[in-house]
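Here's the structure, in structure tokens; my notes come after.
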Amino acid sequence: MARWPMVAGNWKMHKTAGEGAILTQNIDPLVSTIWEDVEIVVCPPFTALKSVSTVIELDKLKMGLGAQDVYWEDEGPFTGAISPRMLVDLRCDYVIVGHSERREFFGETDETVNKKVHAVFGAGMVPIVCVGETLATREAGETEPFVRGQVRAAVDGVSVEDAGRLVIAYEPIWAIGTGRTPTPESANDVARSIRATIGAVFGQPAAVAVRVLYGGSVKPENATMFFGEPDIDGALVGGASLDADSFARISEAAR
Ligand code: 13P
């Protein structure tokens, strides 16, 4: 069965609750004919999840909702943290886990990524697990072993059923927000390697089912190239997801 392409917008630390609701309302009419072909997901900051969720519910939008991070405990004395239960309560479907900015600025490790993956699945949501190499790792020719290691660590102990539902975003760190990208062929090589890793751990059905996204300076102008690759099932979009028209054009390209 063909995989359902996904285009997810990672808004990062942009948009207030009100701005997020407006952006969501502006995206909707531009993608109204794409829904069945492409799963479209927005990932606002925590403080805009409620307003965006309300727009999605009241206007009956088919857009999926994702958070950008989560803590792994359900509740307790963890000041500043947000639990999976709280995200489910806001009707989140997805949670981005292990984004390189979380790894770089907030101490995220392979171990905490794995705990979060389990917590997200445990709450009935699906993690969008981010992996990707630094420029130094790429120049050392170590990209694929490095990324395979990140994938193995992230999915350790996950069930076969959950493994098939996973979304993995391959985001080379040097391509994020820089306007630089790998060639589509080289991004596909890494995506294929990610899929093969899932296959090695969980078996072929999970490898066929897992969706692998590309992320890093995806724009309307280059999206089609990446989506033409056989192991790339969509995109995790940063900057270009903050503009309704750009995000819609990228979503259109995934069709
Ligand atoms: P840009 O699309 O802004 O490069 O960001 C990519 C990203 O980090 C998405 O998670």
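The chains in the structure tokens are called A, B, ... from first to last as shown; in each chain the residues are counted from 1, and the ligands are counted from 1 in the order shown.
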Show me which residues line ligand 1, defined as having an atom within 10 Å of a ligand atom where only C-alpha atoms and all ligand atoms count, and present them as a ChimeraX atom specification. /A:8-12,43,68,96,98-101,128,130,169-181,214-219,235-242
If you run DSSP on this backbone, which residues of segment 32-236 of chain A come out as strand (DSSP E), and could you give them as a ChimeraX atom specification? /A:39-43,64-67,94-97,126-131,167-170,211-215,234-236
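Looking only at segment 68-118 of chain A, the set that DSSP places in helix (DSSP H, G or I) from backbone geometry is Pro84, Arg85, Met86, Leu87, Val88, Asp89, Ser100, Glu101, Arg102, Arg103, Glu104, Phe105, Asp110, Glu111, Thr112, Val113, Asn114, Lys115, Lys116, Val117 and His118 of chain A.
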May I have the residues within 12 Å of Glu36 of chain A as a tab-separated table (two decimals) with all heavy atoms, in the first residue's frame, using only C-alpha atoms and disregarding those fewer than 3 positions away in the same chain?
chain	number	residue	atom	x	y	z
A	4	TRP	N	0.93	7.49	2.69
A	4	TRP	CA	0.23	8.77	2.60
A	4	TRP	C	1.26	9.88	2.83
A	4	TRP	O	1.84	9.97	3.91
A	4	TRP	CB	-0.85	8.82	3.67
A	4	TRP	CG	-1.84	9.91	3.53
A	4	TRP	CD1	-2.14	10.64	2.41
A	4	TRP	CD2	-2.71	10.41	4.58
A	4	TRP	NE1	-3.15	11.53	2.68
A	4	TRP	CE2	-3.51	11.42	4.00
A	4	TRP	CE3	-2.88	10.09	5.92
A	4	TRP	CZ2	-4.47	12.11	4.74
A	4	TRP	CZ3	-3.83	10.77	6.65
A	4	TRP	CH2	-4.62	11.78	6.07
A	5	PRO	N	1.53	10.71	1.83
A	5	PRO	CA	2.53	11.76	2.04
A	5	PRO	C	2.10	12.71	3.16
A	5	PRO	O	0.90	12.89	3.39
A	5	PRO	CB	2.56	12.51	0.70
A	5	PRO	CG	1.86	11.65	-0.28
A	5	PRO	CD	0.94	10.76	0.49
A	6	MET	N	3.07	13.29	3.81
A	6	MET	CA	2.79	14.25	4.88
A	6	MET	C	3.61	15.52	4.67
A	6	MET	O	4.80	15.44	4.35
A	6	MET	CB	3.15	13.65	6.25
A	6	MET	CG	3.05	14.67	7.38
A	6	MET	SD	3.70	14.06	8.96
A	6	MET	CE	2.36	13.06	9.50
A	31	VAL	N	-5.55	24.70	0.69
A	31	VAL	CA	-5.22	23.27	0.60
A	31	VAL	C	-6.48	22.41	0.57
A	31	VAL	O	-6.41	21.19	0.74
A	31	VAL	CB	-4.30	22.83	1.77
A	31	VAL	CG1	-2.95	23.51	1.66
A	31	VAL	CG2	-4.93	23.08	3.12
A	32	SER	N	-7.62	23.04	0.32
A	32	SER	CA	-8.89	22.33	0.48
A	32	SER	C	-9.08	21.18	-0.51
A	32	SER	O	-9.88	20.29	-0.28
A	32	SER	CB	-10.06	23.30	0.37
A	32	SER	OG	-10.02	23.92	-0.89
A	33	THR	N	-8.32	21.19	-1.60
A	33	THR	CA	-8.49	20.09	-2.56
A	33	THR	C	-7.40	19.03	-2.43
A	33	THR	O	-7.33	18.09	-3.22
A	33	THR	CB	-8.45	20.62	-4.01
A	33	THR	OG1	-7.17	21.22	-4.22
A	33	THR	CG2	-9.55	21.64	-4.27
A	39	GLU	N	-1.40	14.39	3.82
A	39	GLU	CA	-1.75	14.73	5.20
A	39	GLU	C	-1.01	16.02	5.57
A	39	GLU	O	0.21	16.09	5.46
A	39	GLU	CB	-1.35	13.60	6.15
A	39	GLU	CG	-1.77	13.91	7.58
A	39	GLU	CD	-1.53	12.76	8.54
A	39	GLU	OE1	-0.69	11.89	8.24
A	39	GLU	OE2	-2.17	12.76	9.60
A	40	ILE	N	-1.76	17.01	5.99
A	40	ILE	CA	-1.17	18.31	6.32
A	40	ILE	C	-1.29	18.52	7.82
A	40	ILE	O	-2.36	18.35	8.41
A	40	ILE	CB	-1.87	19.42	5.52
A	40	ILE	CG1	-1.65	19.17	4.02
A	40	ILE	CG2	-1.34	20.80	5.92
A	40	ILE	CD1	-2.45	20.02	3.10
A	62	LYS	N	-9.45	19.60	8.08
A	62	LYS	CA	-8.89	18.25	8.08
A	62	LYS	C	-7.40	18.26	8.44
A	62	LYS	O	-6.71	17.27	8.28
A	62	LYS	CB	-9.13	17.59	6.73
A	62	LYS	CG	-10.61	17.49	6.39
A	62	LYS	CD	-10.91	16.38	5.43
A	62	LYS	CE	-12.40	16.28	5.14
A	62	LYS	NZ	-12.91	17.51	4.47
A	63	MET	N	-6.93	19.42	8.89
A	63	MET	CA	-5.52	19.56	9.24
A	63	MET	C	-5.22	18.78	10.51
A	63	MET	O	-6.01	18.79	11.45
A	63	MET	CB	-5.28	21.04	9.48
A	63	MET	CG	-3.97	21.54	9.00
A	63	MET	SD	-3.89	23.32	9.19
A	63	MET	CE	-5.04	23.93	8.01
A	251	SER	N	2.68	21.89	0.07
A	251	SER	CA	1.71	20.79	0.24
A	251	SER	C	1.21	20.32	-1.12
A	251	SER	O	1.07	19.11	-1.37
A	251	SER	CB	0.53	21.24	1.11
A	251	SER	OG	1.00	21.72	2.35
A	252	GLU	N	0.94	21.26	-1.98
A	252	GLU	CA	0.49	20.94	-3.36
A	252	GLU	C	1.55	20.11	-4.08
A	252	GLU	O	1.24	19.16	-4.80
A	252	GLU	CB	0.20	22.25	-4.09
A	252	GLU	CG	-0.25	22.12	-5.53
A	252	GLU	CD	-1.65	21.55	-5.66
A	252	GLU	OE1	-2.53	21.96	-4.88
A	252	GLU	OE2	-1.84	20.68	-6.52
A	254	ALA	N	3.53	18.03	-2.87
A	254	ALA	CA	3.61	16.66	-2.35
A	254	ALA	C	2.58	15.74	-2.96
A	254	ALA	O	2.65	14.53	-2.83
A	254	ALA	CB	3.45	16.67	-0.83
A	255	ARG	N	1.61	16.31	-3.62
A	255	ARG	CA	0.53	15.51	-4.19
A	255	ARG	C	1.03	14.67	-5.36
A	255	ARG	O	1.71	15.16	-6.23
A	255	ARG	CB	-0.61	16.43	-4.62
A	255	ARG	CG	-1.71	15.69	-5.35
A	255	ARG	CD	-3.04	16.29	-5.08
A	255	ARG	NE	-3.15	17.63	-5.61
A	255	ARG	CZ	-4.31	18.25	-5.74
A	255	ARG	NH1	-5.40	17.65	-5.36
A	255	ARG	NH2	-4.37	19.47	-6.21
Mind pulling up the distance from atom CA of Glu108 of chain A to atom CA of Leu166 of chain A? 19.2 Å
I'd like the interatomic distance between atom CA of His118 of chain A and atom CA of Val158 of chain A, to a tenth of an Å.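 Between atom CA of His118 of chain A and atom CA of Val158 of chain A the gap is 6.8 Å.
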Which polymer residues have any atom within 9 Å of an atom of Pro205 of chain A, counting only C-alpha atoms, with same-chain residues fewer than 6 positions away left out, as a list of chain:residue names? A:Val160, A:Gly164, A:Gly199
Write a file of the selected residues as a tab-separated table (two decimals), in the first residue's frame, keeping all heavy atoms.
chain	number	residue	atom	x	y	z
A	160	VAL	N	6.34	-3.46	17.22
A	160	VAL	CA	6.34	-3.54	15.76
A	160	VAL	C	5.19	-2.71	15.18
A	160	VAL	O	5.35	-2.02	14.17
A	160	VAL	CB	6.24	-5.01	15.29
A	160	VAL	CG1	6.11	-5.09	13.79
A	160	VAL	CG2	7.46	-5.79	15.76
A	164	GLY	N	5.57	0.88	12.64
A	164	GLY	CA	4.99	1.13	11.33
A	164	GLY	C	4.24	2.45	11.24
A	164	GLY	O	4.01	2.98	10.16
A	199	GLY	N	13.61	-1.52	8.99
A	199	GLY	CA	13.42	-2.89	8.51
A	199	GLY	C	14.27	-3.88	9.29
A	199	GLY	O	13.81	-4.98	9.63
